[in-house]
$ cat structure_13.txt   # compact mmCIF, C-alpha atoms
# COMPACT_ATOMS: atom_id res chain seq x y z
CA MET A 285 124.32 96.63 110.13
CA LYS A 286 123.91 93.07 108.93
CA ILE A 287 122.21 90.74 111.35
CA LYS A 288 122.54 87.03 111.41
CA TYR A 289 120.14 84.95 113.38
CA PRO A 290 120.36 81.72 115.29
CA ASN A 291 117.88 79.07 114.28
CA PRO A 292 114.49 80.43 115.21
CA SER A 293 112.92 78.22 117.78
CA VAL A 294 109.35 77.27 117.06
CA THR A 295 108.78 76.88 120.77
CA ASN A 296 110.04 80.42 121.30
CA LYS A 297 107.59 82.06 123.62
CA ARG A 298 107.34 84.72 126.28
CA VAL A 299 109.23 83.75 129.38
CA THR A 300 107.34 86.17 131.58
CA ASN A 301 106.35 84.36 134.71
CA VAL A 302 103.46 86.06 136.45
CA ILE A 303 103.71 83.97 139.61
CA PRO A 304 105.97 85.42 142.28
CA SER A 305 108.45 82.80 143.46
CA GLY A 306 110.26 83.30 146.73
CA LYS A 307 111.25 86.53 148.38
CA ASN A 308 112.83 87.97 145.28
CA GLY A 309 109.78 87.26 143.22
CA MET A 310 108.59 90.30 141.27
CA LEU A 311 105.80 90.64 138.81
CA PHE A 312 108.08 92.03 136.15
CA GLU A 313 105.60 92.88 133.44
CA GLY A 314 103.15 94.28 135.97
CA ALA A 315 105.91 96.38 137.50
CA ILE A 316 106.93 97.75 134.09
CA ASN A 317 103.30 98.59 133.33
CA ALA A 318 102.88 100.33 136.70
CA THR A 319 106.10 102.25 136.10
CA ASN A 320 104.86 103.38 132.68
CA GLU A 321 101.60 104.52 134.25
CA TYR A 322 103.63 106.51 136.78
CA TYR A 323 105.61 108.10 133.95
CA ARG A 324 102.41 109.03 132.12
CA ILE A 325 100.78 110.56 135.19
CA HIS A 326 103.92 112.61 135.85
CA ASN A 327 104.24 113.68 132.20
CA LYS A 328 107.64 112.08 131.96
CA ALA A 329 106.97 109.73 129.07
CA ILE A 330 104.08 108.16 127.18
CA ILE A 331 104.85 104.47 126.83
CA TYR A 332 102.33 101.65 126.53
CA LYS A 333 102.45 97.90 126.22
CA LYS A 334 101.00 96.78 122.93
CA PRO A 335 98.04 94.42 123.13
CA THR A 336 98.79 90.74 122.54
CA PRO A 337 97.94 89.99 118.91
CA ILE A 338 95.08 87.54 118.56
CA GLN A 339 93.64 85.99 115.42
CA VAL A 340 89.88 86.00 115.78
CA VAL A 341 88.18 83.16 113.90
CA LYS A 342 84.61 83.11 115.16
CA VAL A 343 82.44 85.68 116.92
CA ASP A 344 78.98 85.13 118.37
CA TYR A 345 76.46 87.87 119.02
CA PRO A 346 74.35 86.68 121.94
CA THR A 347 72.80 90.15 122.10
CA ARG A 348 72.74 92.93 119.54
CA SER A 349 75.36 94.98 121.32
CA ALA A 350 77.76 92.37 122.70
CA ALA A 351 80.27 90.49 120.59
CA LYS A 352 81.59 87.29 122.13
CA ILE A 353 84.70 85.79 120.58
CA VAL A 354 84.35 82.01 120.69
CA GLU A 355 87.32 80.91 118.62
CA ALA A 356 90.64 82.70 118.46
CA TYR A 357 94.37 81.99 118.60
CA TYR A 358 97.45 83.79 119.82
CA LYS A 359 99.61 85.19 117.04
CA THR A 360 103.31 85.94 116.98
CA PRO A 361 103.86 89.64 117.70
CA SER A 362 105.14 91.66 114.71
CA THR A 363 107.27 93.90 116.84
CA THR A 364 108.10 94.37 120.51
CA ASP A 365 106.16 94.72 123.74
CA TYR A 366 106.53 98.41 124.45
CA ASN A 367 106.92 101.66 122.57
CA GLY A 368 106.26 105.34 123.00
CA ILE A 369 107.82 108.78 123.39
CA TYR A 370 110.41 110.03 125.89
CA LYS A 371 112.10 113.44 125.77
CA GLY A 372 110.65 113.91 122.30
CA ARG A 373 112.32 110.71 121.11
CA TYR A 374 110.88 107.42 119.95
CA ILE A 375 111.54 104.61 122.42
CA ASP A 376 111.03 100.90 121.77
CA TYR A 377 111.93 97.85 123.82
CA GLU A 378 111.32 94.24 124.65
CA ALA A 379 111.01 93.16 128.29
CA LYS A 380 112.11 89.69 129.34
CA GLU A 381 112.80 87.87 132.54
CA THR A 382 114.74 84.75 133.38
CA ILE A 383 114.90 82.58 136.46
CA HIS A 384 118.48 81.65 135.56
CA ASN A 385 121.69 83.65 135.80
CA SER A 386 121.92 83.71 132.02
CA PHE A 387 119.30 84.87 129.53
CA ALA A 388 118.81 82.39 126.66
CA PHE A 389 118.66 84.12 123.26
CA LYS A 390 116.02 81.69 122.05
CA HIS A 391 113.48 83.54 124.20
CA ILE A 392 113.52 86.51 121.89
CA PHE A 393 112.36 86.35 118.28
CA PRO A 394 114.86 87.15 115.50
CA HIS A 395 112.36 89.53 113.88
CA GLN A 396 112.08 91.41 117.17
CA ILE A 397 115.85 91.89 117.22
CA LYS A 398 115.73 93.08 113.62
CA HIS A 399 112.92 95.51 114.46
CA LEU A 400 114.94 97.01 117.33
CA VAL A 401 118.06 97.35 115.15
CA ASP A 402 115.97 99.10 112.48
CA VAL A 403 114.59 101.48 115.10
CA ALA A 404 118.11 102.28 116.37
CA ASN A 405 119.27 102.91 112.79
CA MET A 406 116.44 105.45 112.42
CA GLY A 407 117.54 107.34 115.51
CA GLY A 408 115.21 105.77 118.05
CA ILE A 409 116.12 104.48 121.49
CA ALA A 410 115.97 100.69 121.24
CA PHE A 411 116.92 98.14 123.84
CA VAL A 412 116.17 94.94 125.68
CA ILE A 413 115.37 95.10 129.38
CA ILE A 414 116.02 91.86 131.25
CA TYR A 415 115.07 90.88 134.76
CA TYR A 416 117.46 88.33 136.24
CA LYS A 417 115.13 86.99 138.86
CA LYS A 418 117.56 85.00 140.99
CA ALA A 419 119.88 87.99 141.41
CA ASN A 420 116.90 90.40 141.50
CA LYS A 421 118.60 92.68 139.00
CA VAL A 422 117.08 94.55 136.06
CA ILE A 423 119.46 95.49 133.26
CA ILE A 424 119.02 97.54 130.10
CA ILE A 425 121.10 96.49 127.11
CA ASP A 426 121.19 98.74 124.07
CA ILE A 427 120.19 96.78 120.98
CA LYS A 428 123.51 97.38 119.20
CA SER A 429 125.44 95.83 122.09
CA PHE A 430 122.90 93.04 122.34
CA VAL A 431 122.98 92.17 118.66
CA ASN A 432 126.76 91.80 118.60
CA LEU A 433 126.61 89.01 121.15
CA TYR A 434 123.59 87.55 119.44
CA ASN A 435 125.47 87.41 116.11
CA ASP A 436 128.50 85.98 117.86
CA GLY A 437 126.36 83.04 118.89
CA TYR A 438 125.28 82.58 115.31
CA ASP A 439 128.75 82.86 113.79
CA ASN A 440 130.65 80.68 116.22
CA ASP A 441 127.94 78.43 117.47
CA LYS A 442 129.09 79.14 120.98
CA ARG A 443 127.16 81.96 122.60
CA LYS A 444 123.58 80.95 123.25
CA SER A 445 122.80 83.23 126.15
CA LEU A 446 123.69 86.42 127.98
CA PRO A 447 125.06 85.79 131.48
CA LEU A 448 124.30 88.29 134.23
CA ASP A 449 127.94 89.37 134.66
CA LEU A 450 128.31 90.22 130.99
CA ALA A 451 124.94 92.00 130.96
CA LEU A 452 126.09 94.17 133.87
CA GLU A 453 129.29 94.95 131.98
CA ILE A 454 127.75 96.00 128.67
CA GLY A 455 124.40 97.29 129.95
CA MET A 456 123.05 99.67 132.56
CA GLU A 457 121.54 98.42 135.77
CA VAL A 458 118.16 99.85 136.76
CA LYS A 459 117.69 100.92 140.36
CA LEU A 460 114.66 99.15 141.83
CA GLY A 461 112.31 101.00 144.14
CA TYR A 462 108.67 101.58 145.02
CA THR A 463 107.27 104.52 143.05
CA PRO A 464 108.15 103.81 140.37
CA GLN A 465 109.19 100.22 140.93
CA ILE A 466 111.51 100.02 137.94
CA ASP A 467 112.79 103.52 137.19
CA TYR A 468 114.35 102.53 133.90
CA LEU A 469 114.22 106.02 132.35
CA ASP A 470 116.88 107.08 134.85
CA ALA A 471 119.08 104.28 133.47
CA ILE A 472 118.18 105.37 129.91
CA ASP A 473 119.41 108.90 130.65
CA LYS A 474 122.77 107.48 131.76
CA LEU A 475 123.11 104.85 129.03
CA TYR A 476 122.22 107.20 126.17
CA ASN A 477 123.55 110.35 127.79
CA ILE A 478 120.31 112.29 127.23
CA MET B 72 96.12 122.66 126.90
CA LYS B 73 92.86 121.88 128.61
CA ILE B 74 90.58 119.54 126.74
CA LYS B 75 86.88 119.32 127.17
CA TYR B 76 84.99 116.41 125.81
CA PRO B 77 81.55 115.91 124.36
CA ASN B 78 79.47 113.27 126.05
CA PRO B 79 81.25 110.01 125.40
CA SER B 80 79.04 107.79 123.37
CA VAL B 81 78.76 104.23 124.56
CA THR B 82 78.06 103.15 121.04
CA ASN B 83 81.28 104.83 119.93
CA LYS B 84 83.04 102.34 117.73
CA ARG B 85 85.38 102.10 114.78
CA VAL B 86 83.73 103.33 111.65
CA THR B 87 86.13 101.57 109.36
CA ASN B 88 84.15 99.88 106.67
CA VAL B 89 86.09 97.07 105.04
CA ILE B 90 83.62 96.54 102.24
CA PRO B 91 84.30 98.63 99.15
CA SER B 92 81.19 100.50 98.08
CA GLY B 93 80.95 101.91 94.61
CA LYS B 94 83.75 103.14 92.40
CA ASN B 95 85.26 105.32 95.09
CA GLY B 96 85.39 102.47 97.55
CA MET B 97 88.80 102.04 99.13
CA LEU B 98 89.91 99.67 101.79
CA PHE B 99 91.24 102.49 103.93
CA GLU B 100 92.80 100.56 106.78
CA GLY B 101 94.28 98.01 104.41
CA ALA B 102 95.69 100.79 102.26
CA ILE B 103 97.26 102.48 105.29
CA ASN B 104 98.78 99.16 106.36
CA ALA B 105 100.15 98.52 102.87
CA THR B 106 101.58 102.04 102.80
CA ASN B 107 103.29 101.47 106.14
CA GLU B 108 104.76 98.24 104.84
CA TYR B 109 106.07 100.15 101.83
CA TYR B 110 107.64 102.73 104.15
CA ARG B 111 109.30 99.99 106.21
CA ILE B 112 110.69 98.18 103.16
CA HIS B 113 112.11 101.45 101.85
CA ASN B 114 113.54 102.44 105.25
CA LYS B 115 111.45 105.57 105.31
CA ALA B 116 109.59 104.98 108.56
CA ILE B 117 108.74 102.19 110.98
CA ILE B 118 105.05 102.45 111.73
CA TYR B 119 102.74 99.61 112.75
CA LYS B 120 99.09 99.22 113.55
CA LYS B 121 98.63 98.10 117.12
CA PRO B 122 96.77 94.83 117.62
CA THR B 123 93.12 95.10 118.64
CA PRO B 124 92.97 94.69 122.42
CA ILE B 125 91.08 91.57 123.47
CA GLN B 126 90.19 90.40 126.97
CA VAL B 127 90.77 86.66 127.08
CA VAL B 128 88.50 84.86 129.54
CA LYS B 129 88.90 81.18 128.75
CA VAL B 130 91.55 79.17 126.93
CA ASP B 131 91.42 75.49 126.02
CA TYR B 132 94.44 73.32 125.31
CA PRO B 133 93.26 70.65 122.86
CA THR B 134 96.89 69.61 122.43
CA ARG B 135 99.95 70.36 124.53
CA SER B 136 101.26 72.97 122.14
CA ALA B 137 98.14 74.75 120.87
CA ALA B 138 96.16 77.22 122.90
CA LYS B 139 92.62 77.82 121.68
CA ILE B 140 90.84 80.87 123.03
CA VAL B 141 87.17 79.95 123.53
CA GLU B 142 85.86 83.01 125.34
CA ALA B 143 87.08 86.53 124.83
CA TYR B 144 85.76 90.05 124.34
CA TYR B 145 86.86 93.16 122.49
CA LYS B 146 88.22 95.88 124.76
CA THR B 147 88.35 99.63 124.25
CA PRO B 148 91.79 100.59 122.93
CA SER B 149 93.92 102.57 125.43
CA THR B 150 95.50 104.69 122.76
CA THR B 151 95.38 105.05 118.98
CA ASP B 152 95.66 102.74 115.99
CA TYR B 153 99.13 103.55 114.74
CA ASN B 154 102.47 104.66 116.07
CA GLY B 155 106.14 104.51 115.20
CA ILE B 156 109.19 106.47 114.17
CA TYR B 157 109.71 108.85 111.23
CA LYS B 158 112.78 111.00 110.65
CA GLY B 159 113.88 110.13 114.17
CA ARG B 160 110.62 111.48 115.60
CA TYR B 161 107.78 109.76 117.36
CA ILE B 162 104.62 109.64 115.25
CA ASP B 163 101.14 108.69 116.47
CA TYR B 164 97.76 108.83 114.77
CA GLU B 165 94.23 107.59 114.55
CA ALA B 166 92.80 106.61 111.15
CA LYS B 167 89.09 107.04 110.47
CA GLU B 168 86.82 106.99 107.51
CA THR B 169 83.36 108.32 106.89
CA ILE B 170 80.84 107.71 104.15
CA HIS B 171 79.45 111.21 104.71
CA ASN B 172 80.85 114.61 103.82
CA SER B 173 81.33 115.40 107.48
CA PHE B 174 83.19 113.35 110.09
CA ALA B 175 81.18 112.93 113.30
CA PHE B 176 83.29 113.50 116.42
CA LYS B 177 81.50 110.76 118.28
CA HIS B 178 83.45 108.22 116.22
CA ILE B 179 86.64 109.02 118.08
CA PHE B 180 87.11 108.36 121.79
CA PRO B 181 87.81 111.33 124.09
CA HIS B 182 90.75 109.46 125.67
CA GLN B 183 92.23 108.98 122.20
CA ILE B 184 92.09 112.75 121.63
CA LYS B 185 93.71 113.31 125.02
CA HIS B 186 96.44 110.79 124.18
CA LEU B 187 97.23 112.59 120.91
CA VAL B 188 97.32 115.99 122.63
CA ASP B 189 99.69 114.57 125.26
CA VAL B 190 101.94 113.20 122.51
CA ALA B 191 101.99 116.59 120.74
CA ASN B 192 102.86 118.32 124.00
CA MET B 193 105.84 115.97 124.38
CA GLY B 194 107.15 116.88 120.93
CA GLY B 195 105.68 114.02 118.95
CA ILE B 196 103.85 114.24 115.63
CA ALA B 197 100.20 113.57 116.43
CA PHE B 198 97.25 113.76 114.11
CA VAL B 199 94.00 112.30 112.85
CA ILE B 200 93.85 111.01 109.28
CA ILE B 201 90.36 110.91 107.82
CA TYR B 202 89.13 109.33 104.64
CA TYR B 203 86.07 111.11 103.24
CA LYS B 204 84.83 108.26 101.16
CA LYS B 205 82.24 110.04 99.03
CA ALA B 206 84.73 112.67 97.90
CA ASN B 207 87.56 110.11 97.83
CA LYS B 208 89.82 112.46 99.78
CA VAL B 209 92.24 111.66 102.60
CA ILE B 210 93.11 114.53 104.92
CA ILE B 211 95.55 114.84 107.80
CA ILE B 212 94.56 117.14 110.62
CA ASP B 213 97.09 117.99 113.29
CA ILE B 214 95.71 117.17 116.72
CA LYS B 215 95.98 120.76 117.98
CA SER B 216 93.79 122.01 115.13
CA PHE B 217 91.44 119.09 115.57
CA VAL B 218 91.01 119.55 119.30
CA ASN B 219 90.04 123.20 118.95
CA LEU B 220 87.01 122.29 116.84
CA TYR B 221 86.29 119.35 119.09
CA ASN B 222 86.24 121.65 122.15
CA ASP B 223 84.14 124.15 120.28
CA GLY B 224 81.51 121.47 119.91
CA TYR B 225 81.65 120.83 123.61
CA ASP B 226 81.49 124.46 124.68
CA ASN B 227 78.77 125.66 122.39
CA ASP B 228 76.88 122.53 121.76
CA LYS B 229 76.96 123.32 118.08
CA ARG B 230 79.86 121.62 116.32
CA LYS B 231 79.40 117.86 116.27
CA SER B 232 81.41 117.02 113.20
CA LEU B 233 84.15 118.09 110.84
CA PRO B 234 82.91 118.85 107.33
CA LEU B 235 85.14 118.08 104.38
CA ASP B 236 85.57 121.73 103.37
CA LEU B 237 86.77 122.75 106.80
CA ALA B 238 89.07 119.70 107.00
CA LEU B 239 90.66 120.75 103.68
CA GLU B 240 91.11 124.25 105.05
CA ILE B 241 92.79 123.37 108.35
CA GLY B 242 94.46 120.10 107.31
CA MET B 243 96.70 118.75 104.58
CA GLU B 244 95.34 116.64 101.78
CA VAL B 245 97.15 113.41 101.02
CA LYS B 246 97.86 112.59 97.41
CA LEU B 247 96.45 109.16 96.56
CA GLY B 248 98.36 106.79 94.30
CA TYR B 249 99.43 103.20 93.82
CA THR B 250 102.76 102.53 95.50
CA PRO B 251 102.26 103.66 98.12
CA GLN B 252 98.50 104.08 97.96
CA ILE B 253 98.28 106.74 100.65
CA ASP B 254 101.58 108.62 100.75
CA TYR B 255 100.76 110.48 103.93
CA LEU B 256 104.39 111.08 104.96
CA ASP B 257 104.68 113.46 102.05
CA ALA B 258 101.76 115.41 103.52
CA ILE B 259 103.39 115.20 106.98
CA ASP B 260 106.55 116.80 105.61
CA LYS B 261 104.49 119.74 104.33
CA LEU B 262 102.18 120.07 107.32
CA TYR B 263 104.96 119.95 109.92
CA ASN B 264 107.64 121.48 107.74
CA ILE B 265 110.12 118.68 108.40
$ encode --input "structure_13.txt" --output "structure tokens"
Amino acid sequence: MKIKYPNPSVTNKRVTNVIPSGKNGMLFEGAINATNEYYRIHNKAIIYKKPTPIQVVKVDYPTRSAAKIVEAYYKTPSTTDYNGIYKGRYIDYEAKETIHNSFAFKHIFPHQIKHLVDVANMGGIAFVIIYYKKANKVIIIDIKSFVNLYNDGYDNDKRKSLPLDLALEIGMEVKLGYTPQIDYLDAIDKLYNI
Amino acid sequence: MKIKYPNPSVTNKRVTNVIPSGKNGMLFEGAINATNEYYRIHNKAIIYKKPTPIQVVKVDYPTRSAAKIVEAYYKTPSTTDYNGIYKGRYIDYEAKETIHNSFAFKHIFPHQIKHLVDVANMGGIAFVIIYYKKANKVIIIDIKSFVNLYNDGYDNDKRKSLPLDLALEIGMEVKLGYTPQIDYLDAIDKLYNI
């Protein structure tokens, strides 16, 4: 599959908002992490968030044993936020949230899309999981469905985002709950028929 | 499988030595990373090193766009160094090197061993890859073989390390070359018969 990319935005950054806003506010990343911990404890899947890549420039050693980093910078992640194993299969995804009713493509890096397509081509489960905050809906979109719309935006200079309605149509909605909060593996079973 | 652990060492840290020493010196981690890049370019596998986890305490914003981290500390990794997908399967491993002819178990965290055992139990390919620098040999040891010796050390208070000879006996030696430098997937094919 050939992928074309919209102009990469240099201001492209994580849209995760860790401040709850209003009654529908949800700490999306925290909820995903708690869900993954639940899955690990219950031997359902082993999925972790990758650490944020940081370029360390200068380290001080105030004591012999402790290293204190005094100059460092955030780096662009090479891949996606989460990966691991589920039902013996490799699983890989990027988690995003938006306060709007449409998810802007510029909030995901082109090389992350490429990575997910490569994973899918190798037989892995690869997707984007988006939290539409206003509607309080979490939707999983398989990367091959996602990339078609993404390319459409590139080709025709018209599609710049994924509206909630379309996401619901092409993706699989995740039932929200308490333990786990975001039971997305249930949606994965349905979406991938596994 | 029940795992018992030796006393976790608080001084337990990565033994990777990035300075080449003598004619057998090899930049092990760099060579593994270059090999993984080779595998990705040739569509053989998608395997990345996870970023080093860092706890950020204080960030300055000298300009509106640039974030400068001015206080941060290294954290203990939750899992292992490398993971990804190979032949549709989940693959996960820890890479270590030793300047001695025996690899001391204290250089690997108990929770990393547990993580690898959990991955193996879920059907993933999980192993430790060790570079015995003096002998210039790289050996892959499946986690289930590794953990038996590791537990033996715990139970009997006798085995504290894995000597090269025993590693060669229970593991699979990796042929060293140029492109790629450490063709460990070839050894994986043989060891796991895939």
$ closest_atom_pairs --input "structure_13.txt" --of "chain A" --to "chain B" --cutoff "10 Å" --atoms "all atoms listed in the file" --output "CSV"
residue,atom,partner,partner_atom,distance
A:Thr295,CA,B:Ser136,CA,8.6
A:Arg324,CA,B:Asp189,CA,9.2
A:Asn327,CA,B:Met193,CA,8.3
A:Lys328,CA,B:Met193,CA,8.7
A:Ala329,CA,B:Met193,CA,7.9
A:Ile330,CA,B:Val190,CA,7.2
A:Tyr332,CA,B:Thr150,CA,8.4
A:Lys333,CA,B:Ser149,CA,9.8
A:Lys334,CA,B:Lys121,CA,6.4
A:Pro335,CA,B:Pro124,CA,5.1
A:Thr336,CA,B:Pro122,CA,6.7
A:Pro337,CA,B:Pro122,CA,5.1
A:Ile338,CA,B:Ile125,CA,7.5
A:Gln339,CA,B:Ile140,CA,9.6
A:Val340,CA,B:Ile140,CA,8.9
A:Val341,CA,B:Ile140,CA,9.8
A:Lys342,CA,B:Val141,CA,9.3
A:Val343,CA,B:Ala143,CA,9.2
A:Ser349,CA,B:Thr82,CA,8.6
A:Ala350,CA,B:Tyr144,CA,8.5
A:Ala351,CA,B:Tyr144,CA,6.7
A:Lys352,CA,B:Tyr144,CA,5.5
A:Ile353,CA,B:Ala143,CA,4.9
A:Val354,CA,B:Val141,CA,4.5
A:Glu355,CA,B:Val141,CA,5.0
A:Ala356,CA,B:Ile140,CA,4.9
A:Tyr357,CA,B:Lys139,CA,5.5
A:Tyr358,CA,B:Ala138,CA,7.4
A:Pro361,CA,B:Pro122,CA,8.8
A:Ser362,CA,B:Tyr119,CA,8.5
A:Thr363,CA,B:Tyr119,CA,8.4
A:Asn367,CA,B:Gly155,CA,7.9
A:Gly368,CA,B:Tyr161,CA,7.3
A:Ile369,CA,B:Tyr161,CA,6.1
A:Tyr370,CA,B:Met193,CA,7.6
A:Lys371,CA,B:Met193,CA,6.9
A:Gly372,CA,B:Gly194,CA,4.8
A:Arg373,CA,B:Arg160,CA,5.8
A:Tyr374,CA,B:Tyr161,CA,4.7
A:Ile375,CA,B:Tyr161,CA,8.1
A:Asp376,CA,B:Gly155,CA,9.0
A:His399,CA,B:Ile117,CA,8.6
A:Asp402,CA,B:Ile117,CA,8.0
A:Val403,CA,B:Ile117,CA,7.2
A:Ala404,CA,B:Gly159,CA,9.2
A:Asn405,CA,B:Gly159,CA,9.1
A:Met406,CA,B:Gly159,CA,5.6
A:Gly407,CA,B:Gly159,CA,4.8
A:Gly408,CA,B:Gly159,CA,6.0
A:Ile409,CA,B:Gly159,CA,9.5
$ residues_near_point --input "structure_13.txt" --point "(92.5, 113.9, 122.3)" --cutoff "9 Å" --atoms "only C-alpha atoms" --output "ChimeraX atom specification"
/B:74,76,179-189,214-215,217-218,221
$ residues_around --input "structure_13.txt" --residues "region 197-207 of chain B" --least-positions-apart "4" --cutoff "7 Å" --atoms "only C-alpha atoms" --output "VMD selection string"
chain B and resid 95 to 96 162 to 172 187 190 to 191 211 to 214
$ atom_distance --input "structure_13.txt" --atom1 "CA of Lys246 (chain B)" --atom2 "CA of Val209 (chain B)"
7.7 Å
$ closest_residue --input "structure_13.txt" --among "A:Asp344, A:Asp365, A:Leu311, A:Phe387" --to "Arg443 (chain A)" --atoms "all atoms listed in the file"
A:Phe387
$ closest_residue --input "structure_13.txt" --among "B:Asn104, B:Ser232, B:Ser216, B:Asn264" --to "Ser173 (chain B)" --atoms "all atoms listed in the file"
B:Ser232
